[in-house]
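Q: Take a look at structure-v5.pdb, PDB, C-alpha atoms:
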```
ATOM      1  CA  MET A   1     222.440 381.397 216.815
ATOM      2  CA  ARG A   2     223.759 383.255 219.773
ATOM      3  CA  GLU A   3     221.007 382.193 222.153
ATOM      4  CA  LEU A   4     219.706 378.767 223.079
ATOM      5  CA  SER A   5     216.193 380.226 223.046
ATOM      6  CA  LEU A   6     216.627 380.828 219.293
ATOM      7  CA  HIS A   7     217.565 377.167 218.828
ATOM      8  CA  ILE A   8     214.410 376.301 220.763
ATOM      9  CA  LEU A   9     212.284 378.378 218.391
ATOM     10  CA  ASP A  10     214.006 376.630 215.490
ATOM     11  CA  LEU A  11     213.271 373.180 216.939
ATOM     12  CA  VAL A  12     209.608 374.057 217.439
ATOM     13  CA  GLN A  13     209.380 375.321 213.857
ATOM     14  CA  ASN A  14     210.819 371.952 212.729
ATOM     15  CA  SER A  15     208.053 370.221 214.680
ATOM     16  CA  LEU A  16     205.411 372.409 213.039
ATOM     17  CA  GLU A  17     206.828 371.643 209.615
ATOM     18  CA  ALA A  18     206.660 367.954 210.463
ATOM     19  CA  GLY A  19     202.924 368.451 210.884
ATOM     20  CA  ALA A  20     202.844 368.317 214.688
ATOM     21  CA  ASN A  21     199.887 369.748 216.581
ATOM     22  CA  ILE A  22     201.266 368.829 219.994
ATOM     23  CA  VAL A  23     204.668 370.118 221.084
ATOM     24  CA  LYS A  24     206.123 369.714 224.546
ATOM     25  CA  LEU A  25     209.128 371.809 225.465
ATOM     26  CA  GLU A  26     211.140 371.139 228.580
ATOM     27  CA  VAL A  27     214.051 373.198 229.836
ATOM     28  CA  ILE A  28     215.850 371.672 232.788
ATOM     29  CA  GLU A  29     218.589 373.539 234.579
ATOM     30  CA  ASP A  30     220.219 371.553 237.337
ATOM     31  CA  LEU A  31     223.102 373.479 238.802
ATOM     32  CA  SER A  32     224.218 370.796 241.230
ATOM     33  CA  ALA A  33     224.537 368.285 238.396
ATOM     34  CA  ASP A  34     225.877 371.145 236.241
ATOM     35  CA  VAL A  35     223.611 370.428 233.277
ATOM     36  CA  LEU A  36     221.201 372.303 231.094
ATOM     37  CA  VAL A  37     218.866 370.108 229.069
ATOM     38  CA  ILE A  38     216.472 371.218 226.359
ATOM     39  CA  ARG A  39     213.923 368.659 225.195
ATOM     40  CA  VAL A  40     211.365 369.139 222.448
ATOM     41  CA  ALA A  41     208.876 366.323 221.879
ATOM     42  CA  ASP A  42     206.303 366.418 219.112
ATOM     43  CA  ASN A  43     203.674 364.244 217.462
ATOM     44  CA  GLY A  44     204.765 365.092 213.928
ATOM     45  CA  ARG A  45     205.382 362.668 211.129
ATOM     46  CA  GLY A  46     208.718 361.512 212.554
ATOM     47  CA  MET A  47     211.759 360.244 210.692
ATOM     48  CA  ASP A  48     212.950 356.822 209.678
ATOM     49  CA  GLU A  49     216.290 355.570 210.987
ATOM     50  CA  LYS A  50     218.141 356.605 207.851
ATOM     51  CA  LEU A  51     216.937 360.203 207.943
ATOM     52  CA  ARG A  52     217.369 360.371 211.702
ATOM     53  CA  GLN A  53     221.071 359.635 211.315
ATOM     54  CA  LEU A  54     221.428 362.082 208.470
ATOM     55  CA  VAL A  55     219.790 365.219 209.853
ATOM     56  CA  ILE A  56     222.828 366.404 211.791
ATOM     57  CA  ASP A  57     224.710 366.567 208.502
ATOM     58  CA  PRO A  58     224.558 370.178 207.239
ATOM     59  CA  PHE A  59     224.275 368.877 203.676
ATOM     60  CA  VAL A  60     220.993 367.189 204.403
ATOM     61  CA  THR A  61     217.671 368.957 204.708
ATOM     62  CA  THR A  62     214.014 368.280 204.120
ATOM     63  CA  ARG A  63     213.450 371.824 202.971
ATOM     64  CA  LEU A  64     212.822 372.185 199.276
ATOM     65  CA  THR A  65     214.221 375.654 198.743
ATOM     66  CA  ARG A  66     217.845 374.495 198.746
ATOM     67  CA  ARG A  67     220.032 371.600 199.738
ATOM     68  CA  VAL A  68     221.586 372.639 203.017
ATOM     69  CA  GLY A  69     220.018 372.918 206.432
ATOM     70  CA  LEU A  70     221.807 374.273 209.452
ATOM     71  CA  GLY A  71     219.388 374.119 212.364
ATOM     72  CA  LEU A  72     220.256 370.763 213.918
ATOM     73  CA  PRO A  73     223.937 370.705 212.842
ATOM     74  CA  LEU A  74     224.545 374.079 214.501
ATOM     75  CA  MET A  75     222.820 372.955 217.641
ATOM     76  CA  GLU A  76     224.786 369.730 217.760
ATOM     77  CA  MET A  77     227.997 371.669 217.331
ATOM     78  CA  SER A  78     227.126 373.936 220.238
ATOM     79  CA  THR A  79     226.359 370.972 222.531
ATOM     80  CA  LYS A  80     229.607 369.162 221.624
ATOM     81  CA  ARG A  81     231.570 372.280 222.405
ATOM     82  CA  CYS A  82     230.080 372.265 225.919
ATOM     83  CA  ASP A  83     230.690 368.609 226.898
ATOM     84  CA  GLY A  84     227.134 367.785 225.901
ATOM     85  CA  TYR A  85     225.236 365.915 223.244
ATOM     86  CA  LEU A  86     222.294 366.107 220.878
ATOM     87  CA  LYS A  87     220.063 363.047 220.919
ATOM     88  CA  ILE A  88     217.324 362.398 218.401
ATOM     89  CA  GLN A  89     214.668 359.754 218.939
ATOM     90  CA  SER A  90     212.094 359.396 216.225
ATOM     91  CA  THR A  91     209.382 357.009 215.143
ATOM     92  CA  PRO A  92     207.794 357.419 211.730
ATOM     93  CA  GLY A  93     204.159 358.389 212.108
ATOM     94  CA  GLN A  94     204.478 359.054 215.827
ATOM     95  CA  GLY A  95     206.810 361.944 216.377
ATOM     96  CA  THR A  96     210.262 363.066 217.327
ATOM     97  CA  ILE A  97     212.049 363.876 220.554
ATOM     98  CA  ILE A  98     215.117 366.082 220.384
ATOM     99  CA  GLU A  99     217.248 366.397 223.489
ATOM    100  CA  ALA A 100     220.142 368.806 223.702
ATOM    101  CA  SER A 101     222.362 368.749 226.750
ATOM    102  CA  TYR A 102     225.049 371.193 227.823
ATOM    103  CA  ARG A 103     227.387 371.492 230.780
ATOM    104  CA  HIS A 104     225.691 374.407 232.523
ATOM    105  CA  HIS A 105     228.839 376.199 233.606
ATOM    106  CA  HIS A 106     230.795 375.574 230.448
ATOM    107  CA  LEU A 107     232.506 378.765 229.324
ATOM    108  CA  ASP A 108     231.345 378.282 225.740
ATOM    109  CA  ARG A 109     227.725 377.539 226.543
ATOM    110  CA  PRO A 110     225.505 380.051 224.761
ATOM    111  CA  PRO A 111     223.176 381.904 227.123
ATOM    112  CA  LEU A 112     219.584 380.775 227.258
ATOM    113  CA  GLY A 113     218.747 384.283 226.062
ATOM    114  CA  ASN A 114     215.309 385.713 225.772
ATOM    115  CA  ILE A 115     213.137 382.700 226.496
ATOM    116  CA  VAL A 116     210.150 385.003 227.157
ATOM    117  CA  GLU A 117     210.166 386.186 223.531
ATOM    118  CA  THR A 118     210.466 382.620 222.267
ATOM    119  CA  ILE A 119     207.549 381.287 224.330
ATOM    120  CA  LYS A 120     205.403 384.315 223.516
ATOM    121  CA  THR A 121     206.066 383.889 219.785
ATOM    122  CA  ILE A 122     205.187 380.187 219.847
ATOM    123  CA  LEU A 123     201.977 380.782 221.806
ATOM    124  CA  VAL A 124     200.697 383.824 219.924
ATOM    125  CA  ALA A 125     201.654 382.835 216.380
ATOM    126  CA  ASN A 126     200.291 379.279 216.595
ATOM    127  CA  PRO A 127     196.812 379.531 218.130
ATOM    128  CA  THR A 128     195.842 375.970 217.196
ATOM    129  CA  LEU A 129     199.009 374.324 218.519
ATOM    130  CA  ASN A 130     198.749 372.370 221.737
ATOM    131  CA  PHE A 131     201.934 373.615 223.381
ATOM    132  CA  LEU A 132     203.280 372.709 226.773
ATOM    133  CA  TYR A 133     206.296 374.465 228.247
ATOM    134  CA  ARG A 134     207.926 373.301 231.453
ATOM    135  CA  HIS A 135     210.994 375.020 232.846
ATOM    136  CA  THR A 136     212.835 373.819 235.912
ATOM    137  CA  VAL A 137     215.704 375.566 237.649
ATOM    138  CA  ASN A 138     216.936 373.347 240.479
ATOM    139  CA  ASP A 139     213.769 372.879 242.573
ATOM    140  CA  ARG A 140     211.771 375.763 241.070
ATOM    141  CA  LYS A 141     209.245 374.974 238.362
ATOM    142  CA  PHE A 142     207.127 376.909 235.907
ATOM    143  CA  THR A 143     204.631 375.416 233.488
ATOM    144  CA  VAL A 144     202.549 376.990 230.753
ATOM    145  CA  SER A 145     199.942 375.118 228.786
ATOM    146  CA  SER A 146     198.361 376.672 225.719
ATOM    147  CA  GLN A 147     195.317 374.507 226.367
ATOM    148  CA  GLU A 148     194.863 375.960 229.841
ATOM    149  CA  LEU A 149     195.248 379.526 228.529
ATOM    150  CA  ALA A 150     192.710 378.848 225.771
ATOM    151  CA  ASP A 151     190.238 377.413 228.307
ATOM    152  CA  ILE A 152     190.477 380.536 230.454
ATOM    153  CA  LEU A 153     190.323 382.878 227.470
ATOM    154  CA  ASP A 154     187.177 381.183 226.172
ATOM    155  CA  GLY A 155     187.470 382.494 222.625
ATOM    156  CA  VAL A 156     189.296 385.758 223.322
ATOM    157  CA  PRO A 157     192.427 385.659 221.132
ATOM    158  CA  LEU A 158     195.925 385.943 222.622
ATOM    159  CA  THR A 159     196.541 388.784 220.161
ATOM    160  CA  GLN A 160     194.006 390.979 221.982
ATOM    161  CA  PRO A 161     196.219 393.920 223.121
ATOM    162  CA  ASP A 162     195.390 393.678 226.848
ATOM    163  CA  ILE A 163     195.963 389.932 226.762
ATOM    164  CA  LEU A 164     199.328 390.410 225.041
ATOM    165  CA  ILE A 165     200.404 392.749 227.811
ATOM    166  CA  TRP A 166     199.257 390.266 230.456
ATOM    167  CA  LEU A 167     201.036 387.388 228.712
ATOM    168  CA  HIS A 168     204.308 389.263 228.509
ATOM    169  CA  LYS A 169     204.194 390.179 232.191
ATOM    170  CA  TYR A 170     203.075 386.692 233.224
ATOM    171  CA  LEU A 171     205.924 384.970 231.392
ATOM    172  CA  SER A 172     208.537 387.538 232.458
ATOM    173  CA  ASP A 173     207.519 387.400 236.122
ATOM    174  CA  HIS A 174     207.411 383.634 236.401
ATOM    175  CA  ILE A 175     210.585 383.010 234.467
ATOM    176  CA  ALA A 176     212.444 385.632 236.532
ATOM    177  CA  ASN A 177     211.043 383.889 239.591
ATOM    178  CA  LEU A 178     212.789 380.662 238.562
ATOM    179  CA  TYR A 179     216.087 382.438 239.015
ATOM    180  CA  GLY A 180     215.426 383.710 242.493
ATOM    181  CA  GLY A 181     212.542 386.085 242.518
ATOM    182  CA  VAL A 182     210.833 389.108 241.143
ATOM    183  CA  GLU A 183     209.565 392.305 242.640
ATOM    184  CA  LYS A 184     205.945 392.113 243.647
TER     185      LYS A 184
ATOM    186  CA  MET B 185     203.281 388.734 240.102
ATOM    187  CA  LYS B 186     200.708 388.161 237.335
ATOM    188  CA  THR B 187     198.602 385.052 237.729
ATOM    189  CA  LEU B 188     196.064 383.005 235.779
ATOM    190  CA  GLU B 189     193.436 384.553 238.079
ATOM    191  CA  ASP B 190     194.357 387.946 236.619
ATOM    192  CA  LEU B 191     193.791 386.490 233.170
ATOM    193  CA  LYS B 192     190.322 385.285 234.180
ATOM    194  CA  ARG B 193     189.424 388.756 235.470
ATOM    195  CA  LEU B 194     190.801 390.352 232.328
ATOM    196  CA  ARG B 195     188.750 388.053 230.141
ATOM    197  CA  GLU B 196     185.584 388.914 232.087
ATOM    198  CA  GLN B 197     186.284 392.633 231.677
ATOM    199  CA  LEU B 198     186.848 392.229 227.965
ATOM    200  CA  LYS B 199     183.697 390.174 227.547
ATOM    201  CA  THR B 200     181.494 392.679 229.364
ATOM    202  CA  LYS B 201     182.989 395.579 227.431
ATOM    203  CA  ASN B 202     182.220 393.509 224.366
ATOM    204  CA  THR B 203     185.133 395.008 222.497
ATOM    205  CA  VAL B 204     186.551 391.705 221.385
ATOM    206  CA  ARG B 205     185.909 390.824 217.799
ATOM    207  CA  HIS B 206     186.807 387.224 217.243
ATOM    208  CA  GLU B 207     187.674 387.138 213.575
ATOM    209  CA  GLY B 208     190.485 389.513 212.762
ATOM    210  CA  GLY B 209     190.483 390.705 209.212
ATOM    211  CA  ILE B 210     194.164 391.514 208.883
ATOM    212  CA  GLN B 211     196.855 388.880 209.015
ATOM    213  CA  ILE B 212     200.588 389.250 209.651
ATOM    214  CA  ILE B 213     202.858 386.303 208.843
ATOM    215  CA  VAL B 214     206.500 386.124 209.924
ATOM    216  CA  GLY B 215     209.005 383.713 208.335
ATOM    217  CA  MET B 216     210.525 381.595 211.112
ATOM    218  CA  GLY B 217     212.770 379.139 209.318
ATOM    219  CA  THR B 218     216.338 378.754 210.585
ATOM    220  CA  CYS B 219     217.275 381.523 208.140
ATOM    221  CA  GLY B 220     214.589 383.873 209.442
ATOM    222  CA  ILE B 221     215.390 383.216 213.089
ATOM    223  CA  ALA B 222     219.105 383.778 212.485
ATOM    224  CA  ALA B 223     218.287 387.060 210.736
ATOM    225  CA  GLY B 224     216.246 388.312 213.702
ATOM    226  CA  ALA B 225     212.684 387.117 213.034
ATOM    227  CA  ARG B 226     211.922 386.632 216.713
ATOM    228  CA  GLN B 227     212.903 390.200 217.572
ATOM    229  CA  VAL B 228     210.753 391.435 214.688
ATOM    230  CA  MET B 229     207.844 389.309 215.947
ATOM    231  CA  THR B 230     208.267 390.799 219.426
ATOM    232  CA  ALA B 231     208.254 394.300 217.957
ATOM    233  CA  ILE B 232     205.013 393.491 216.098
ATOM    234  CA  LEU B 233     203.349 392.210 219.276
ATOM    235  CA  ASP B 234     204.536 395.267 221.220
ATOM    236  CA  GLU B 235     203.182 397.599 218.557
ATOM    237  CA  ILE B 236     199.810 395.818 218.492
ATOM    238  CA  ALA B 237     199.556 396.261 222.243
ATOM    239  CA  LYS B 238     200.707 399.880 222.066
ATOM    240  CA  GLN B 239     198.338 400.910 219.288
ATOM    241  CA  ASN B 240     195.557 398.784 220.792
ATOM    242  CA  LEU B 241     194.763 396.963 217.539
ATOM    243  CA  GLN B 242     191.927 394.525 218.168
ATOM    244  CA  THR B 243     191.616 392.523 214.975
ATOM    245  CA  VAL B 244     195.072 391.537 213.810
ATOM    246  CA  LYS B 245     195.962 387.866 213.475
ATOM    247  CA  ILE B 246     199.579 386.765 213.775
ATOM    248  CA  SER B 247     201.092 383.571 212.475
ATOM    249  CA  GLN B 248     204.509 382.086 211.895
ATOM    250  CA  THR B 249     205.615 380.114 208.896
ATOM    251  CA  GLY B 250     208.771 378.310 207.842
ATOM    252  CA  CYS B 251     211.334 379.154 205.211
ATOM    253  CA  ILE B 252     209.698 381.030 202.339
ATOM    254  CA  GLY B 253     212.682 380.587 200.045
ATOM    255  CA  MET B 254     214.108 384.075 199.826
ATOM    256  CA  CYS B 255     216.479 383.543 202.712
ATOM    257  CA  GLU B 256     218.831 386.337 201.724
ATOM    258  CA  LYS B 257     215.925 388.758 202.102
ATOM    259  CA  GLU B 258     215.043 387.641 205.637
ATOM    260  CA  VAL B 259     213.442 388.839 207.870
ATOM    261  CA  LEU B 260     210.319 388.356 205.714
ATOM    262  CA  VAL B 261     206.981 389.682 206.902
ATOM    263  CA  ASP B 262     203.751 389.269 204.935
ATOM    264  CA  VAL B 263     200.713 391.466 205.424
ATOM    265  CA  VAL B 264     197.339 390.309 204.178
ATOM    266  CA  ARG B 265     194.386 392.680 204.260
ATOM    267  CA  PRO B 266     190.996 391.314 203.262
ATOM    268  CA  ASN B 267     190.332 391.555 199.520
ATOM    269  CA  GLU B 268     193.730 393.102 198.855
ATOM    270  CA  PRO B 269     196.912 391.571 197.420
ATOM    271  CA  ARG B 270     199.267 389.889 199.866
ATOM    272  CA  ILE B 271     202.324 392.070 200.377
ATOM    273  CA  THR B 272     205.737 390.666 201.314
ATOM    274  CA  TYR B 273     208.203 392.914 203.112
ATOM    275  CA  GLY B 274     211.877 391.966 203.039
ATOM    276  CA  ARG B 275     214.939 392.716 205.174
ATOM    277  CA  VAL B 276     212.563 393.925 207.839
ATOM    278  CA  THR B 277     214.146 395.230 211.024
ATOM    279  CA  VAL B 278     212.668 396.049 214.401
ATOM    280  CA  ASP B 279     212.839 399.744 213.470
ATOM    281  CA  ASP B 280     210.609 399.226 210.403
ATOM    282  CA  ILE B 281     207.740 397.766 212.408
ATOM    283  CA  PRO B 282     206.035 400.942 213.695
ATOM    284  CA  LYS B 283     205.939 402.238 210.115
ATOM    285  CA  ILE B 284     204.534 399.020 208.620
ATOM    286  CA  ILE B 285     201.898 398.834 211.350
ATOM    287  CA  SER B 286     200.813 402.498 211.200
ATOM    288  CA  GLU B 287     200.892 402.796 207.427
ATOM    289  CA  HIS B 288     199.786 399.423 206.123
ATOM    290  CA  ILE B 289     197.840 397.788 208.953
ATOM    291  CA  VAL B 290     196.089 400.881 210.249
ATOM    292  CA  ASN B 291     195.826 403.103 207.175
ATOM    293  CA  GLY B 292     195.995 400.589 204.343
ATOM    294  CA  ARG B 293     198.932 402.265 202.582
ATOM    295  CA  ILE B 294     201.638 399.866 201.398
ATOM    296  CA  VAL B 295     205.157 400.825 202.516
ATOM    297  CA  ALA B 296     206.600 400.684 199.003
ATOM    298  CA  GLU B 297     210.277 401.035 199.861
ATOM    299  CA  LEU B 298     210.217 397.883 202.020
ATOM    300  CA  ALA B 299     207.911 395.758 199.880
ATOM    301  CA  ILE B 300     209.564 393.068 197.757
ATOM    302  CA  GLY B 301     206.595 391.089 196.538
ATOM    303  CA  LYS B 302     202.921 391.235 195.809
ATOM    304  CA  PHE B 303     200.699 388.200 195.414
ATOM    305  CA  THR B 304     197.162 388.277 194.208
ATOM    306  CA  GLU B 305     195.358 385.194 195.444
TER     307      GLU B 305
END
```
Starting from the file, lay out its structure as structure tokens.
A:
Amino acid sequence: MRELSLHILDLVQNSLEAGANIVKLEVIEDLSADVLVIRVADNGRGMDEKLRQLVIDPFVTTRLTRRVGLGLPLMEMSTKRCDGYLKIQSTPGQGTIIEASYRHHHLDRPPLGNIVETIKTILVANPTLNFLYRHTVNDRKFTVSSQELADILDGVPLTQPDILIWLHKYLSDHIANLYGGVEK
Amino acid sequence: MKTLEDLKRLREQLKTKNTVRHEGGIQIIVGMGTCGIAAGARQVMTAILDEIAKQNLQTVKISQTGCIGMCEKEVLVDVVRPNEPRITYGRVTVDDIPKIISEHIVNGRIVAELAIGKFTE
């Protein structure tokens, strides 16, 4: 994965496969502390302590199609390379919180990449998921809640073409704004 | 900058025009396991959404799924039209999307050279 936003999509897919219907994604970029933190919290089935310790091993997976899984191991590798860490907290029956931290300015840190595409995909392709996305860059904040969008849309699907165009512009504008502004 | 207020206005417009049909008949499913994502599933998804907006398709439903099991054939995209077999397209690239949408979604003609599976449910 060349972009952190692809890892994010991967983490959210893990949550969905764990049966979650609530996923909270936080991206925190603090340049004065020189950190970038990605946190995904879900209410899926969770993992017991044994599995929790095993999932960063590439030869362990819960998928049934084959016996290797690379999502979490690759992400852990990328954090370690950037003076960071991958932390997994999980409670069976209650959910999982994955936190990946990177040194923001580290030369090897993958770029965040196209976070707009990732958020749009999660929102549009999972209409029943309660998804909350909060992105902070220093003191600038942007929050999107799928619940709030659904309330406003009142039954109109996000896949309606005009709504798709709005959503793309809305996400692009506000995310660009986190990094210092956007043309009006 | 676009705001939630714009979304409210847009919804009102759409409701008065009464063009919005709530239950889409056609479904597109994109494989989003680690394998799919690494092979470019998100870019393919974006291309699908762009094409839906461009061709103004009102009744298509999009969903994502995990690893389907044919990882070497990722990106996998399934198209389900009502009362027709479910068609799986393999090694789909961004460039294939306009063709799949125009031919299969709009006109109901399966793009045979990209199809790798057919399931009758």
Q: Mind giving me the straight-line distance from CA of Gly180 in chain A to CA of Glu26 in chain A in Å, one decimal?
A: 19.2 Å
Q: With the cut-off set at 9 Å and counting all atoms listed in the file, tabulate each residue of chain B with an atom at most that distance from an atom of chain A, showing the nearest atom pair and its distance in Å to one decimal, ordered by chain and increasing number, as JSON lines.
A:
```
{"residue": "B:Met185", "atom": "CA", "partner": "A:Lys184", "partner_atom": "CA", "distance": 5.6}
{"residue": "B:Lys186", "atom": "CA", "partner": "A:Tyr170", "partner_atom": "CA", "distance": 5.0}
{"residue": "B:Thr187", "atom": "CA", "partner": "A:Tyr170", "partner_atom": "CA", "distance": 6.6}
{"residue": "B:Leu188", "atom": "CA", "partner": "A:Leu149", "partner_atom": "CA", "distance": 8.1}
{"residue": "B:Asp190", "atom": "CA", "partner": "A:Trp166", "partner_atom": "CA", "distance": 8.2}
{"residue": "B:Leu191", "atom": "CA", "partner": "A:Trp166", "partner_atom": "CA", "distance": 7.2}
{"residue": "B:Lys192", "atom": "CA", "partner": "A:Ile152", "partner_atom": "CA", "distance": 6.0}
{"residue": "B:Leu194", "atom": "CA", "partner": "A:Ile163", "partner_atom": "CA", "distance": 7.6}
{"residue": "B:Arg195", "atom": "CA", "partner": "A:Leu153", "partner_atom": "CA", "distance": 6.0}
{"residue": "B:Glu196", "atom": "CA", "partner": "A:Leu153", "partner_atom": "CA", "distance": 9.0}
{"residue": "B:Leu198", "atom": "CA", "partner": "A:Val156", "partner_atom": "CA", "distance": 8.3}
{"residue": "B:Lys199", "atom": "CA", "partner": "A:Val156", "partner_atom": "CA", "distance": 8.3}
{"residue": "B:Val204", "atom": "CA", "partner": "A:Val156", "partner_atom": "CA", "distance": 6.8}
{"residue": "B:Arg205", "atom": "CA", "partner": "A:Val156", "partner_atom": "CA", "distance": 8.2}
{"residue": "B:His206", "atom": "CA", "partner": "A:Val156", "partner_atom": "CA", "distance": 6.7}
{"residue": "B:Ile213", "atom": "CA", "partner": "A:Ala125", "partner_atom": "CA", "distance": 8.4}
{"residue": "B:Val214", "atom": "CA", "partner": "A:Ala125", "partner_atom": "CA", "distance": 8.7}
{"residue": "B:Met216", "atom": "CA", "partner": "A:Gln13", "partner_atom": "CA", "distance": 6.9}
{"residue": "B:Gly217", "atom": "CA", "partner": "A:Asp10", "partner_atom": "CA", "distance": 6.8}
{"residue": "B:Thr218", "atom": "CA", "partner": "A:Gly71", "partner_atom": "CA", "distance": 5.8}
{"residue": "B:Cys219", "atom": "CA", "partner": "A:Leu70", "partner_atom": "CA", "distance": 8.7}
{"residue": "B:Ile221", "atom": "CA", "partner": "A:Leu6", "partner_atom": "CA", "distance": 6.8}
{"residue": "B:Ala222", "atom": "CA", "partner": "A:Met1", "partner_atom": "CA", "distance": 6.0}
{"residue": "B:Arg226", "atom": "CA", "partner": "A:Thr118", "partner_atom": "CA", "distance": 7.0}
{"residue": "B:Gln227", "atom": "CA", "partner": "A:Glu117", "partner_atom": "CA", "distance": 7.7}
{"residue": "B:Met229", "atom": "CA", "partner": "A:Thr121", "partner_atom": "CA", "distance": 6.9}
{"residue": "B:Thr230", "atom": "CA", "partner": "A:Glu117", "partner_atom": "CA", "distance": 6.5}
{"residue": "B:Leu233", "atom": "CA", "partner": "A:Leu164", "partner_atom": "CA", "distance": 7.3}
{"residue": "B:Asp234", "atom": "CA", "partner": "A:Leu164", "partner_atom": "CA", "distance": 8.1}
{"residue": "B:Ile236", "atom": "CA", "partner": "A:Pro161", "partner_atom": "CA", "distance": 6.2}
{"residue": "B:Ala237", "atom": "CA", "partner": "A:Pro161", "partner_atom": "CA", "distance": 4.2}
{"residue": "B:Lys238", "atom": "CA", "partner": "A:Pro161", "partner_atom": "CA", "distance": 7.5}
{"residue": "B:Gln239", "atom": "CA", "partner": "A:Pro161", "partner_atom": "CA", "distance": 8.2}
{"residue": "B:Asn240", "atom": "CA", "partner": "A:Pro161", "partner_atom": "CA", "distance": 5.4}
{"residue": "B:Leu241", "atom": "CA", "partner": "A:Pro161", "partner_atom": "CA", "distance": 6.5}
{"residue": "B:Gln242", "atom": "CA", "partner": "A:Gln160", "partner_atom": "CA", "distance": 5.6}
{"residue": "B:Thr243", "atom": "CA", "partner": "A:Gln160", "partner_atom": "CA", "distance": 7.6}
{"residue": "B:Val244", "atom": "CA", "partner": "A:Thr159", "partner_atom": "CA", "distance": 7.1}
{"residue": "B:Lys245", "atom": "CA", "partner": "A:Thr159", "partner_atom": "CA", "distance": 6.8}
{"residue": "B:Ile246", "atom": "CA", "partner": "A:Ala125", "partner_atom": "CA", "distance": 5.2}
{"residue": "B:Ser247", "atom": "CA", "partner": "A:Ala125", "partner_atom": "CA", "distance": 4.0}
{"residue": "B:Gln248", "atom": "CA", "partner": "A:Ala125", "partner_atom": "CA", "distance": 5.4}
{"residue": "B:Thr249", "atom": "CA", "partner": "A:Gln13", "partner_atom": "CA", "distance": 7.9}
{"residue": "B:Gly250", "atom": "CA", "partner": "A:Gln13", "partner_atom": "CA", "distance": 6.7}
{"residue": "B:Cys251", "atom": "CA", "partner": "A:Thr65", "partner_atom": "CA", "distance": 7.9}
{"residue": "B:Ile252", "atom": "CA", "partner": "A:Thr65", "partner_atom": "CA", "distance": 7.9}
{"residue": "B:Gly253", "atom": "CA", "partner": "A:Thr65", "partner_atom": "CA", "distance": 5.3}
{"residue": "B:Met254", "atom": "CA", "partner": "A:Thr65", "partner_atom": "CA", "distance": 8.5}
```
Q: Write out as a JSON list (two decimals) with C-alpha atoms, in the coordinates of the input each polymer residue whose atoms come within 7 Å of Lys302 in chain B, counting only C-alpha atoms; drop sequence neighbours fewer than 3 positions from it.
A:
```json
[["chain", "number", "residue", "atom", "x", "y", "z"],
["B", 269, "PRO", "CA", 196.91, 391.57, 197.42],
["B", 270, "ARG", "CA", 199.27, 389.89, 199.87],
["B", 271, "ILE", "CA", 202.32, 392.07, 200.38],
["B", 272, "THR", "CA", 205.74, 390.67, 201.31]]
```
Q: Smallest atom-to-atom distance to Leu129 in chain A: which of A:Lys24, A:Arg39, A:Arg52, A:His104, using all atoms listed in the file?
A: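 For Leu129 in chain A, the nearest of the candidates is A:Lys24.
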Q: How many Å lie between CA of Lys141 in chain A and CA of Cys82 in chain A, rounded to one decimal?
A: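 Here the two named atoms are 24.4 Å from each other.
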Q: Could you jot down the CA of Asn21 in chain A to CA of Ser146 in chain A separation for me, Å, one decimal place?
A: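 A separation of 11.6 Å between them.
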Q: When you count all atoms listed in the file, which of these residues is closest to Val137 in chain A: A:Ala176, A:Tyr85, A:Met75, A:Asp108?
A: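 Among the listed residues, the smallest separation from Val137 in chain A belongs to A:Ala176.
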Q: I need the residue nearest Glu29 in chain A from this list: A:Ser78, A:Thr136, A:Gln89, A:Thr128. Use only C-alpha atoms for the distance.
A: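 For Glu29 in chain A, the nearest of the given residues is A:Thr136.
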Q: Might I get the box with edges along x, y and z of the file that holds all atoms of range 214-218 of chain B listed there, padded by 3 Å on every side, given as centre and edge lengths in Å to one decimal, as lines of an AutoDock Vina configuration file?
A:
```
center_x = 211.4
center_y = 382.4
center_z = 209.7
size_x = 15.8
size_y = 13.4
size_z = 8.8
```
Q: Which is closest to Pro73 in chain A among A:Ile8, A:Val55, A:Val144, A:Ala20, if we use all atoms listed in the file?
A: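 Among A:Ile8, A:Val55, A:Val144, A:Ala20, it is A:Val55 that comes nearest to Pro73 in chain A.
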Q: Between A:Ile175, A:Met47, A:Asp57, A:Thr96, which residue has the minimum interatomic distance to Gly113 in chain A, considering all atoms listed in the file?
A: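 Of A:Ile175, A:Met47, A:Asp57, A:Thr96, the one nearest Gly113 in chain A, counting all atoms listed in the file, is A:Ile175.
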Q: Counting only C-alpha atoms, which of B:Val278, B:Val228, B:Val290, B:Leu260 gets nearest to Gly215 in chain B?
A: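 Of all the options, B:Leu260 lies closest to Gly215 in chain B.
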Q: Within 9 Å of Leu31 in chain A, counting all atoms listed in the file, which residues qualify if same-chain residues fewer than 3 places away don't, as a list in words?
A: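 My list of contacting residues is Asp34, Val35, Leu36, His104, His105, Val137 and Asn138 of chain A.
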Q: Report as a PyMOL selection string all protein, DNA and RNA residues lying within 8 Å of Pro282 in chain B, evaluated on all atoms listed in the file, omitting residues in the same chain fewer than 3 positions from it.
A: chain B and resi 232+235+279+285-286
Q: Tell me, as a list in words, which residues lie within 12 Å of range 295-297 of chain B, counting only C-alpha atoms; anything in the same chain fewer than 6 positions away does not count.
A: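 Returned residues: Asp262, Val263, Ile271, Thr272, Tyr273, Gly274, Arg275, Val276, Asp280, Ile281, Pro282, Lys283, Ile284, Ile285, Ser286, Glu287, His288 and Ile289 of chain B.
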Q: Mind telling me what the PyMOL selection byres ((chain B and resi 210) around 7) catches here, as a PyMOL selection string?
A: chain B and resi 208-209+211-212+243-245+264-266
